[in-house]
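Notes follow once the structure below has been shown.
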Amino acid sequence: MNVNDRKFIFHDLQKIEGYIDPPDALVFTALLQAQNRKALKGGVAEIGIFYGRSYFLLRKVIGNDGDVLAVDLFDIEDADGTRRQYERFLDNGRRLDLKVDEDLVIRGDSTQLDPDVVLEKVGKVRFFSIDGGHMLHHVLADSNLAMNVLADHGVIVFDDTFNPQWPEVTVGVADFLRAQGDKFSAFCMTKYKTYVCRREYHDFYEAAIDKASELTAFDHVETEFLGSKVTRLHNPMRRRMIYELMIRSGFTNFSERIYR
């Protein structure tokens, strides 16, 4: 990863309100770049945009010529009661000088989305991030949608797995994997996300995580989840606290040094 990419993750991206933290931003980047090196093609999709922090990370990695599908209700109200979520999302793109293809933005309920609509817009998907509704029916519907549009080599990323605030996300991910039997397996976990692919690509993506130079700052702990070997990236509490303190103190230009 070059200096400009690290600056984007640790400085520019932090200006966008959102939840993806540096470990997962680095994992997103490592996986997409591993796909690029192997010429594994496909569109990119995300359910749950908020104000675009992870969307613009995806856009930055694949470039303005790639297809990124965005799905969100865009119904968050500001303090004054107005709904400017979509406008703020577009403003963030202009500020970062990153493209938002409005033809690839779906303003609606992802659980009602027909897979054919996704396929018509971006084709088979190589990277699908799920961060929409956090109740069981949301997770099951979104995972089913992702499965039906996923390229053979595609990755599905589930947000907020094992977060005690959203226990049904964990149930939904486990139910999805169990229902698929040997078809899908998890290969990586962080504090906030679980990364899943078709079983025949498990070793490829596990190796991509293990060999990524940008992920050497984390402890790689081997664990098992529903019959699959998983690399858990451990980010110590002390490092997270120092990083958050630097961000809140305005030292974003130096915060990336914490993750070297």
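Letters for chains follow the order of the structure tokens (A, B, ...), residue numbers begin at 1 for each chain, and ligand numbers begin at 1 in the order shown.
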query = Using only C-alpha atoms, which residues sit within 8 Å of segment 34-46 of chain A once same-chain residues fewer than 3 positions away are excluded, as a ChimeraX atom specification?
reply = /A:30-31,49,55,58,66-71,122-131,151,153,208
I need the chosen residues saved as an mmCIF file, in the first residue's frame, with N, CA, C and O atoms.
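Just written: out34.cif:
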data_model
loop_
_atom_site.group_PDB
_atom_site.id
_atom_site.type_symbol
_atom_site.label_atom_id
_atom_site.label_comp_id
_atom_site.auth_asym_id
_atom_site.auth_seq_id
_atom_site.Cartn_x
_atom_site.Cartn_y
_atom_site.Cartn_z
ATOM 1 N N ALA A 30 -6.878 -4.736 1.123
ATOM 2 C CA ALA A 30 -6.063 -5.922 0.853
ATOM 3 C C ALA A 30 -6.813 -6.924 -0.016
ATOM 4 O O ALA A 30 -6.243 -7.505 -0.961
ATOM 5 N N LEU A 31 -8.095 -7.140 0.267
ATOM 6 C CA LEU A 31 -8.871 -8.122 -0.494
ATOM 7 C C LEU A 31 -9.139 -7.650 -1.918
ATOM 8 O O LEU A 31 -9.005 -8.422 -2.879
ATOM 9 N N ILE A 49 -25.331 2.757 3.422
ATOM 10 C CA ILE A 49 -24.326 3.736 2.998
ATOM 11 C C ILE A 49 -24.012 4.749 4.084
ATOM 12 O O ILE A 49 -22.884 5.215 4.193
ATOM 13 N N TYR A 55 -18.276 3.418 1.422
ATOM 14 C CA TYR A 55 -18.527 3.526 -0.022
ATOM 15 C C TYR A 55 -17.352 4.194 -0.717
ATOM 16 O O TYR A 55 -16.871 3.720 -1.753
ATOM 17 N N LEU A 58 -14.335 1.996 -1.016
ATOM 18 C CA LEU A 58 -14.482 1.078 -2.152
ATOM 19 C C LEU A 58 -14.205 1.798 -3.463
ATOM 20 O O LEU A 58 -13.496 1.286 -4.331
ATOM 21 N N GLY A 66 -14.698 1.894 -12.083
ATOM 22 C CA GLY A 66 -15.369 0.691 -11.601
ATOM 23 C C GLY A 66 -16.819 0.945 -11.242
ATOM 24 O O GLY A 66 -17.242 2.090 -11.064
ATOM 25 N N ASP A 67 -17.576 -0.139 -11.128
ATOM 26 C CA ASP A 67 -18.999 -0.035 -10.790
ATOM 27 C C ASP A 67 -19.212 -0.323 -9.307
ATOM 28 O O ASP A 67 -18.894 -1.408 -8.816
ATOM 29 N N VAL A 68 -19.763 0.666 -8.594
ATOM 30 C CA VAL A 68 -20.090 0.502 -7.177
ATOM 31 C C VAL A 68 -21.575 0.768 -6.989
ATOM 32 O O VAL A 68 -22.046 1.884 -7.212
ATOM 33 N N LEU A 69 -22.313 -0.254 -6.571
ATOM 34 C CA LEU A 69 -23.745 -0.118 -6.317
ATOM 35 C C LEU A 69 -23.964 0.277 -4.861
ATOM 36 O O LEU A 69 -23.409 -0.345 -3.948
ATOM 37 N N ALA A 70 -24.768 1.294 -4.632
ATOM 38 C CA ALA A 70 -25.084 1.773 -3.286
ATOM 39 C C ALA A 70 -26.569 1.592 -3.015
ATOM 40 O O ALA A 70 -27.402 2.045 -3.800
ATOM 41 N N VAL A 71 -26.905 0.951 -1.893
ATOM 42 C CA VAL A 71 -28.304 0.711 -1.530
ATOM 43 C C VAL A 71 -28.539 1.233 -0.115
ATOM 44 O O VAL A 71 -27.854 0.849 0.831
ATOM 45 N N VAL A 122 -24.720 -3.816 -12.211
ATOM 46 C CA VAL A 122 -23.268 -3.989 -12.029
ATOM 47 C C VAL A 122 -22.770 -5.376 -12.411
ATOM 48 O O VAL A 122 -21.576 -5.664 -12.280
ATOM 49 N N GLY A 123 -23.662 -6.250 -12.845
ATOM 50 C CA GLY A 123 -23.246 -7.612 -13.174
ATOM 51 C C GLY A 123 -22.953 -8.414 -11.916
ATOM 52 O O GLY A 123 -23.346 -8.045 -10.809
ATOM 53 N N LYS A 124 -22.241 -9.522 -12.090
ATOM 54 C CA LYS A 124 -21.857 -10.331 -10.931
ATOM 55 C C LYS A 124 -20.958 -9.509 -10.005
ATOM 56 O O LYS A 124 -20.106 -8.738 -10.460
ATOM 57 N N VAL A 125 -21.145 -9.700 -8.710
ATOM 58 C CA VAL A 125 -20.465 -8.864 -7.710
ATOM 59 C C VAL A 125 -19.268 -9.605 -7.120
ATOM 60 O O VAL A 125 -19.378 -10.748 -6.688
ATOM 61 N N ARG A 126 -18.132 -8.932 -7.071
ATOM 62 C CA ARG A 126 -16.936 -9.554 -6.501
ATOM 63 C C ARG A 126 -16.721 -9.189 -5.035
ATOM 64 O O ARG A 126 -15.954 -9.861 -4.333
ATOM 65 N N PHE A 127 -17.390 -8.123 -4.571
ATOM 66 C CA PHE A 127 -17.231 -7.691 -3.178
ATOM 67 C C PHE A 127 -18.544 -7.065 -2.741
ATOM 68 O O PHE A 127 -18.955 -6.046 -3.289
ATOM 69 N N PHE A 128 -19.209 -7.687 -1.752
ATOM 70 C CA PHE A 128 -20.539 -7.245 -1.329
ATOM 71 C C PHE A 128 -20.504 -6.976 0.176
ATOM 72 O O PHE A 128 -20.356 -7.889 0.986
ATOM 73 N N SER A 129 -20.645 -5.708 0.542
ATOM 74 C CA SER A 129 -20.634 -5.296 1.943
ATOM 75 C C SER A 129 -22.069 -5.139 2.444
ATOM 76 O O SER A 129 -22.857 -4.395 1.862
ATOM 77 N N ILE A 130 -22.390 -5.847 3.529
ATOM 78 C CA ILE A 130 -23.742 -5.812 4.098
ATOM 79 C C ILE A 130 -23.706 -5.089 5.445
ATOM 80 O O ILE A 130 -23.141 -5.573 6.428
ATOM 81 N N ASP A 131 -24.318 -3.907 5.469
ATOM 82 C CA ASP A 131 -24.383 -3.095 6.692
ATOM 83 C C ASP A 131 -25.720 -2.367 6.739
ATOM 84 O O ASP A 131 -25.794 -1.173 7.013
ATOM 85 N N ALA A 151 -20.248 -13.229 -7.698
ATOM 86 C CA ALA A 151 -19.365 -13.960 -8.599
ATOM 87 C C ALA A 151 -18.805 -15.172 -7.856
ATOM 88 O O ALA A 151 -18.779 -15.211 -6.628
ATOM 89 N N HIS A 153 -15.899 -15.985 -7.299
ATOM 90 C CA HIS A 153 -14.778 -15.575 -6.464
ATOM 91 C C HIS A 153 -15.153 -14.437 -5.512
ATOM 92 O O HIS A 153 -14.266 -13.839 -4.897
ATOM 93 N N ALA A 208 -4.374 -14.203 1.255
ATOM 94 C CA ALA A 208 -4.311 -12.769 0.974
ATOM 95 C C ALA A 208 -4.258 -11.965 2.267
ATOM 96 O O ALA A 208 -3.535 -10.959 2.359
#
key: All residues 10 Å or closer to segment 9-26 of chain A, only C-alpha atoms, same chain fewer than 5 positions away omitted, as a PyMOL selection string   = chain A and resi 1+4+31+49-58+60+88-89+92-93+95-96+159+189-194+209+212-215+217-218+233-235+240+243+247+250-257+259
Which parts of segment 154-240 of chain A does DSSP call alpha helix (DSSP H) when run on the backbone here, written out as a PDB file with N, CA, C and O atoms, in the first residue's frame?
ATOM      1  N   PRO A 167     -27.414  -8.595  18.534  1.00  0.00           N
ATOM      2  CA  PRO A 167     -27.200 -10.047  18.583  1.00  0.00           C
ATOM      3  C   PRO A 167     -27.796 -10.805  17.404  1.00  0.00           C
ATOM      4  O   PRO A 167     -27.301 -11.871  17.045  1.00  0.00           O
ATOM      5  N   GLU A 168     -28.849 -10.258  16.780  1.00  0.00           N
ATOM      6  CA  GLU A 168     -29.475 -10.994  15.681  1.00  0.00           C
ATOM      7  C   GLU A 168     -28.613 -10.998  14.417  1.00  0.00           C
ATOM      8  O   GLU A 168     -28.813 -11.849  13.542  1.00  0.00           O
ATOM      9  N   VAL A 169     -27.641 -10.085  14.323  1.00  0.00           N
ATOM     10  CA  VAL A 169     -26.714 -10.136  13.197  1.00  0.00           C
ATOM     11  C   VAL A 169     -25.902 -11.422  13.258  1.00  0.00           C
ATOM     12  O   VAL A 169     -25.741 -12.135  12.258  1.00  0.00           O
ATOM     13  N   THR A 170     -25.409 -11.740  14.441  1.00  0.00           N
ATOM     14  CA  THR A 170     -24.621 -12.964  14.616  1.00  0.00           C
ATOM     15  C   THR A 170     -25.457 -14.197  14.281  1.00  0.00           C
ATOM     16  O   THR A 170     -24.983 -15.118  13.601  1.00  0.00           O
ATOM     17  N   VAL A 171     -26.699 -14.211  14.744  1.00  0.00           N
ATOM     18  CA  VAL A 171     -27.597 -15.333  14.444  1.00  0.00           C
ATOM     19  C   VAL A 171     -27.811 -15.440  12.941  1.00  0.00           C
ATOM     20  O   VAL A 171     -27.769 -16.533  12.360  1.00  0.00           O
ATOM     21  N   GLY A 172     -28.021 -14.308  12.289  1.00  0.00           N
ATOM     22  CA  GLY A 172     -28.271 -14.305  10.852  1.00  0.00           C
ATOM     23  C   GLY A 172     -27.093 -14.821  10.051  1.00  0.00           C
ATOM     24  O   GLY A 172     -27.266 -15.594   9.107  1.00  0.00           O
ATOM     25  N   VAL A 173     -25.884 -14.400  10.423  1.00  0.00           N
ATOM     26  CA  VAL A 173     -24.691 -14.868   9.714  1.00  0.00           C
ATOM     27  C   VAL A 173     -24.517 -16.367   9.908  1.00  0.00           C
ATOM     28  O   VAL A 173     -24.240 -17.114   8.960  1.00  0.00           O
ATOM     29  N   ALA A 174     -24.689 -16.829  11.155  1.00  0.00           N
ATOM     30  CA  ALA A 174     -24.558 -18.266  11.429  1.00  0.00           C
ATOM     31  C   ALA A 174     -25.628 -19.059  10.690  1.00  0.00           C
ATOM     32  O   ALA A 174     -25.339 -20.128  10.118  1.00  0.00           O
ATOM     33  N   ASP A 175     -26.856 -18.549  10.662  1.00  0.00           N
ATOM     34  CA  ASP A 175     -27.934 -19.244   9.948  1.00  0.00           C
ATOM     35  C   ASP A 175     -27.630 -19.316   8.451  1.00  0.00           C
ATOM     36  O   ASP A 175     -27.875 -20.350   7.805  1.00  0.00           O
ATOM     37  N   PHE A 176     -27.104 -18.236   7.900  1.00  0.00           N
ATOM     38  CA  PHE A 176     -26.756 -18.224   6.478  1.00  0.00           C
ATOM     39  C   PHE A 176     -25.703 -19.279   6.168  1.00  0.00           C
ATOM     40  O   PHE A 176     -25.852 -20.067   5.219  1.00  0.00           O
ATOM     41  N   LEU A 177     -24.646 -19.322   6.959  1.00  0.00           N
ATOM     42  CA  LEU A 177     -23.564 -20.270   6.707  1.00  0.00           C
ATOM     43  C   LEU A 177     -24.029 -21.704   6.897  1.00  0.00           C
ATOM     44  O   LEU A 177     -23.682 -22.601   6.108  1.00  0.00           O
ATOM     45  N   ARG A 178     -24.834 -21.957   7.920  1.00  0.00           N
ATOM     46  CA  ARG A 178     -25.324 -23.319   8.148  1.00  0.00           C
ATOM     47  C   ARG A 178     -26.250 -23.759   7.028  1.00  0.00           C
ATOM     48  O   ARG A 178     -26.204 -24.916   6.587  1.00  0.00           O
ATOM     49  N   ALA A 179     -27.089 -22.834   6.561  1.00  0.00           N
ATOM     50  CA  ALA A 179     -28.040 -23.181   5.498  1.00  0.00           C
ATOM     51  C   ALA A 179     -27.321 -23.519   4.189  1.00  0.00           C
ATOM     52  O   ALA A 179     -27.819 -24.328   3.396  1.00  0.00           O
ATOM     53  N   HIS A 202     -11.589 -20.163  -0.194  1.00  0.00           N
ATOM     54  CA  HIS A 202     -11.206 -19.899   1.195  1.00  0.00           C
ATOM     55  C   HIS A 202      -9.699 -19.734   1.344  1.00  0.00           C
ATOM     56  O   HIS A 202      -9.207 -18.760   1.934  1.00  0.00           O
ATOM     57  N   ASP A 203      -8.933 -20.668   0.818  1.00  0.00           N
ATOM     58  CA  ASP A 203      -7.481 -20.627   0.988  1.00  0.00           C
ATOM     59  C   ASP A 203      -6.863 -19.419   0.294  1.00  0.00           C
ATOM     60  O   ASP A 203      -5.886 -18.838   0.796  1.00  0.00           O
ATOM     61  N   PHE A 204      -7.417 -19.041  -0.851  1.00  0.00           N
ATOM     62  CA  PHE A 204      -6.903 -17.874  -1.577  1.00  0.00           C
ATOM     63  C   PHE A 204      -7.050 -16.616  -0.729  1.00  0.00           C
ATOM     64  O   PHE A 204      -6.095 -15.826  -0.579  1.00  0.00           O
ATOM     65  N   TYR A 205      -8.246 -16.412  -0.170  1.00  0.00           N
ATOM     66  CA  TYR A 205      -8.468 -15.194   0.604  1.00  0.00           C
ATOM     67  C   TYR A 205      -7.780 -15.236   1.967  1.00  0.00           C
ATOM     68  O   TYR A 205      -7.303 -14.209   2.462  1.00  0.00           O
ATOM     69  N   GLU A 206      -7.707 -16.407   2.558  1.00  0.00           N
ATOM     70  CA  GLU A 206      -6.978 -16.511   3.816  1.00  0.00           C
ATOM     71  C   GLU A 206      -5.509 -16.148   3.604  1.00  0.00           C
ATOM     72  O   GLU A 206      -4.908 -15.427   4.406  1.00  0.00           O
ATOM     73  N   ALA A 207      -4.940 -16.622   2.508  1.00  0.00           N
ATOM     74  CA  ALA A 207      -3.545 -16.296   2.187  1.00  0.00           C
ATOM     75  C   ALA A 207      -3.379 -14.803   1.913  1.00  0.00           C
ATOM     76  O   ALA A 207      -2.368 -14.194   2.285  1.00  0.00           O
ATOM     77  N   ALA A 208      -4.374 -14.203   1.255  1.00  0.00           N
ATOM     78  CA  ALA A 208      -4.311 -12.769   0.974  1.00  0.00           C
ATOM     79  C   ALA A 208      -4.258 -11.965   2.267  1.00  0.00           C
ATOM     80  O   ALA A 208      -3.535 -10.959   2.359  1.00  0.00           O
ATOM     81  N   ILE A 209      -5.020 -12.405   3.276  1.00  0.00           N
ATOM     82  CA  ILE A 209      -5.001 -11.740   4.577  1.00  0.00           C
ATOM     83  C   ILE A 209      -3.662 -11.961   5.269  1.00  0.00           C
ATOM     84  O   ILE A 209      -3.041 -11.028   5.801  1.00  0.00           O
ATOM     85  N   ASP A 210      -3.189 -13.176   5.256  1.00  0.00           N
ATOM     86  CA  ASP A 210      -1.953 -13.507   5.972  1.00  0.00           C
ATOM     87  C   ASP A 210      -0.730 -12.821   5.369  1.00  0.00           C
ATOM     88  O   ASP A 210       0.220 -12.483   6.091  1.00  0.00           O
ATOM     89  N   LYS A 211      -0.740 -12.603   4.039  1.00  0.00           N
ATOM     90  CA  LYS A 211       0.437 -12.056   3.367  1.00  0.00           C
ATOM     91  C   LYS A 211       0.390 -10.549   3.149  1.00  0.00           C
ATOM     92  O   LYS A 211       1.381  -9.960   2.716  1.00  0.00           O
ATOM     93  N   MET A 237      -6.626  -3.196  22.614  1.00  0.00           N
ATOM     94  CA  MET A 237      -7.366  -2.054  23.153  1.00  0.00           C
ATOM     95  C   MET A 237      -6.481  -0.825  23.289  1.00  0.00           C
ATOM     96  O   MET A 237      -6.906   0.302  22.998  1.00  0.00           O
ATOM     97  N   ARG A 238      -5.242  -1.021  23.722  1.00  0.00           N
ATOM     98  CA  ARG A 238      -4.349   0.128  23.926  1.00  0.00           C
ATOM     99  C   ARG A 238      -4.148   0.873  22.618  1.00  0.00           C
ATOM    100  O   ARG A 238      -4.175   2.105  22.594  1.00  0.00           O
ATOM    101  N   ARG A 239      -3.928   0.147  21.523  1.00  0.00           N
ATOM    102  CA  ARG A 239      -3.741   0.796  20.231  1.00  0.00           C
ATOM    103  C   ARG A 239      -5.000   1.532  19.812  1.00  0.00           C
ATOM    104  O   ARG A 239      -4.932   2.655  19.312  1.00  0.00           O
ATOM    105  N   ARG A 240      -6.161   0.916  19.987  1.00  0.00           N
ATOM    106  CA  ARG A 240      -7.423   1.567  19.605  1.00  0.00           C
ATOM    107  C   ARG A 240      -7.625   2.858  20.386  1.00  0.00           C
ATOM    108  O   ARG A 240      -8.072   3.863  19.828  1.00  0.00           O
TER     109      ARG A 240
END
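Atom CA of Leu145 of chain A to atom CA of Leu226 of chain A spans 21.5 Å [interatomic distance, one decimal].
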task = Enumerate the residues of segment 50-239 of chain A with a DSSP assignment of strand (DSSP E or B), computed from the backbone, and present them as a PyMOL selection string.
result = chain A and resi 68-72+105-107+125-130+150-159+184-189+193-198+219-225+228-234
Just-selected residues, N, CA and C atoms written as a compact mmCIF listing (two decimals), in the first residue's frame:
# COMPACT_ATOMS: atom_id res chain seq x y z
N VAL A 68 -19.76 0.67 -8.59
CA VAL A 68 -20.09 0.50 -7.18
C VAL A 68 -21.58 0.77 -6.99
N LEU A 69 -22.31 -0.25 -6.57
CA LEU A 69 -23.75 -0.12 -6.32
C LEU A 69 -23.96 0.28 -4.86
N ALA A 70 -24.77 1.29 -4.63
CA ALA A 70 -25.08 1.77 -3.29
C ALA A 70 -26.57 1.59 -3.02
N VAL A 71 -26.90 0.95 -1.89
CA VAL A 71 -28.30 0.71 -1.53
C VAL A 71 -28.54 1.23 -0.12
N ASP A 72 -29.52 2.11 0.02
CA ASP A 72 -29.83 2.69 1.33
C ASP A 72 -31.21 3.34 1.26
N VAL A 105 -27.19 4.13 -7.66
CA VAL A 105 -27.67 4.34 -6.30
C VAL A 105 -29.14 3.93 -6.24
N ILE A 106 -29.45 3.02 -5.33
CA ILE A 106 -30.83 2.56 -5.14
C ILE A 106 -31.33 3.10 -3.80
N ARG A 107 -32.31 3.97 -3.86
CA ARG A 107 -32.88 4.55 -2.64
C ARG A 107 -34.13 3.74 -2.29
N VAL A 125 -21.15 -9.70 -8.71
CA VAL A 125 -20.47 -8.86 -7.71
C VAL A 125 -19.27 -9.61 -7.12
N ARG A 126 -18.13 -8.93 -7.07
CA ARG A 126 -16.94 -9.55 -6.50
C ARG A 126 -16.72 -9.19 -5.04
N PHE A 127 -17.39 -8.12 -4.57
CA PHE A 127 -17.23 -7.69 -3.18
C PHE A 127 -18.54 -7.07 -2.74
N PHE A 128 -19.21 -7.69 -1.75
CA PHE A 128 -20.54 -7.24 -1.33
C PHE A 128 -20.50 -6.98 0.18
N SER A 129 -20.64 -5.71 0.54
CA SER A 129 -20.63 -5.30 1.94
C SER A 129 -22.07 -5.14 2.44
N ILE A 130 -22.39 -5.85 3.53
CA ILE A 130 -23.74 -5.81 4.10
C ILE A 130 -23.71 -5.09 5.44
N LEU A 150 -23.54 -12.95 -6.41
CA LEU A 150 -22.11 -13.03 -6.16
C LEU A 150 -21.38 -13.78 -7.28
N ALA A 151 -20.25 -13.23 -7.70
CA ALA A 151 -19.37 -13.96 -8.60
C ALA A 151 -18.80 -15.17 -7.86
N ASP A 152 -18.34 -16.16 -8.60
CA ASP A 152 -17.79 -17.36 -7.96
C ASP A 152 -16.69 -17.00 -6.97
N HIS A 153 -15.90 -15.99 -7.30
CA HIS A 153 -14.78 -15.58 -6.46
C HIS A 153 -15.15 -14.44 -5.51
N GLY A 154 -16.44 -14.15 -5.37
CA GLY A 154 -16.87 -13.00 -4.59
C GLY A 154 -16.72 -13.16 -3.10
N VAL A 155 -16.66 -12.02 -2.41
CA VAL A 155 -16.58 -11.93 -0.95
C VAL A 155 -17.81 -11.22 -0.43
N ILE A 156 -18.39 -11.75 0.66
CA ILE A 156 -19.47 -11.07 1.37
C ILE A 156 -18.92 -10.63 2.73
N VAL A 157 -19.17 -9.38 3.08
CA VAL A 157 -18.71 -8.83 4.36
C VAL A 157 -19.93 -8.47 5.21
N PHE A 158 -19.99 -9.06 6.40
CA PHE A 158 -21.10 -8.79 7.33
C PHE A 158 -20.61 -7.85 8.43
N ASP A 159 -21.31 -6.74 8.60
CA ASP A 159 -20.95 -5.79 9.64
C ASP A 159 -21.62 -6.13 10.96
N PHE A 184 -20.29 -22.10 1.48
CA PHE A 184 -19.64 -20.86 1.92
C PHE A 184 -18.90 -21.10 3.23
N SER A 185 -17.84 -20.30 3.45
CA SER A 185 -17.10 -20.39 4.70
C SER A 185 -16.53 -19.02 5.06
N ALA A 186 -16.41 -18.76 6.35
CA ALA A 186 -15.74 -17.55 6.81
C ALA A 186 -14.23 -17.76 6.71
N PHE A 187 -13.51 -16.69 6.42
CA PHE A 187 -12.05 -16.80 6.35
C PHE A 187 -11.33 -15.73 7.18
N CYS A 188 -12.05 -14.67 7.57
CA CYS A 188 -11.42 -13.61 8.36
C CYS A 188 -12.45 -12.96 9.26
N MET A 189 -12.02 -12.55 10.45
CA MET A 189 -12.86 -11.81 11.38
C MET A 189 -12.05 -10.67 11.98
N LYS A 193 -16.36 -7.06 11.89
CA LYS A 193 -16.86 -7.66 10.66
C LYS A 193 -16.42 -9.11 10.50
N THR A 194 -17.22 -9.85 9.71
CA THR A 194 -16.90 -11.22 9.33
C THR A 194 -16.89 -11.31 7.81
N TYR A 195 -15.84 -11.94 7.27
CA TYR A 195 -15.61 -12.02 5.83
C TYR A 195 -15.84 -13.45 5.37
N VAL A 196 -16.66 -13.60 4.32
CA VAL A 196 -17.13 -14.91 3.87
C VAL A 196 -16.92 -15.04 2.36
N CYS A 197 -16.62 -16.26 1.91
CA CYS A 197 -16.50 -16.53 0.47
C CYS A 197 -16.95 -17.96 0.20
N ARG A 198 -17.03 -18.32 -1.06
CA ARG A 198 -17.29 -19.72 -1.40
C ARG A 198 -16.09 -20.56 -0.97
N ASP A 219 -2.18 -8.78 15.28
CA ASP A 219 -1.94 -10.17 15.62
C ASP A 219 -2.88 -11.04 14.79
N HIS A 220 -2.34 -12.05 14.12
CA HIS A 220 -3.14 -12.98 13.33
C HIS A 220 -3.37 -14.22 14.18
N VAL A 221 -4.61 -14.36 14.67
CA VAL A 221 -4.95 -15.46 15.57
C VAL A 221 -5.83 -16.45 14.84
N GLU A 222 -5.41 -17.70 14.80
CA GLU A 222 -6.20 -18.72 14.11
C GLU A 222 -7.32 -19.22 15.02
N THR A 223 -8.53 -19.23 14.47
CA THR A 223 -9.67 -19.76 15.20
C THR A 223 -10.52 -20.57 14.24
N GLU A 224 -11.67 -21.04 14.69
CA GLU A 224 -12.56 -21.82 13.84
C GLU A 224 -13.98 -21.33 14.03
N PHE A 225 -14.71 -21.29 12.92
CA PHE A 225 -16.10 -20.84 12.96
C PHE A 225 -16.92 -21.72 12.03
N SER A 228 -14.85 -23.93 9.65
CA SER A 228 -13.85 -23.30 8.79
C SER A 228 -12.75 -22.65 9.61
N LYS A 229 -11.53 -22.75 9.12
CA LYS A 229 -10.41 -22.05 9.74
C LYS A 229 -10.51 -20.57 9.41
N VAL A 230 -10.40 -19.73 10.43
CA VAL A 230 -10.58 -18.29 10.26
C VAL A 230 -9.39 -17.56 10.87
N THR A 231 -8.91 -16.54 10.17
CA THR A 231 -7.89 -15.66 10.73
C THR A 231 -8.57 -14.50 11.41
N ARG A 232 -8.36 -14.40 12.71
CA ARG A 232 -8.92 -13.27 13.47
C ARG A 232 -7.82 -12.24 13.64
N LEU A 233 -8.11 -11.01 13.19
CA LEU A 233 -7.14 -9.93 13.30
C LEU A 233 -7.39 -9.19 14.61
N HIS A 234 -6.46 -9.34 15.52
CA HIS A 234 -6.62 -8.76 16.86
C HIS A 234 -5.99 -7.37 16.89
request  = Would you mind reading off the distance between atom CA of Asn144 of chain A and atom CA of Gly63 of chain A, one decimal, in Å?
outcome  =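 Going from atom CA of Asn144 of chain A over to atom CA of Gly63 of chain A, I get 27.4 Å.
Across the model, the gap from atom CA of Ser110 of chain A to atom CA of Val139 of chain A is 10.1 Å.
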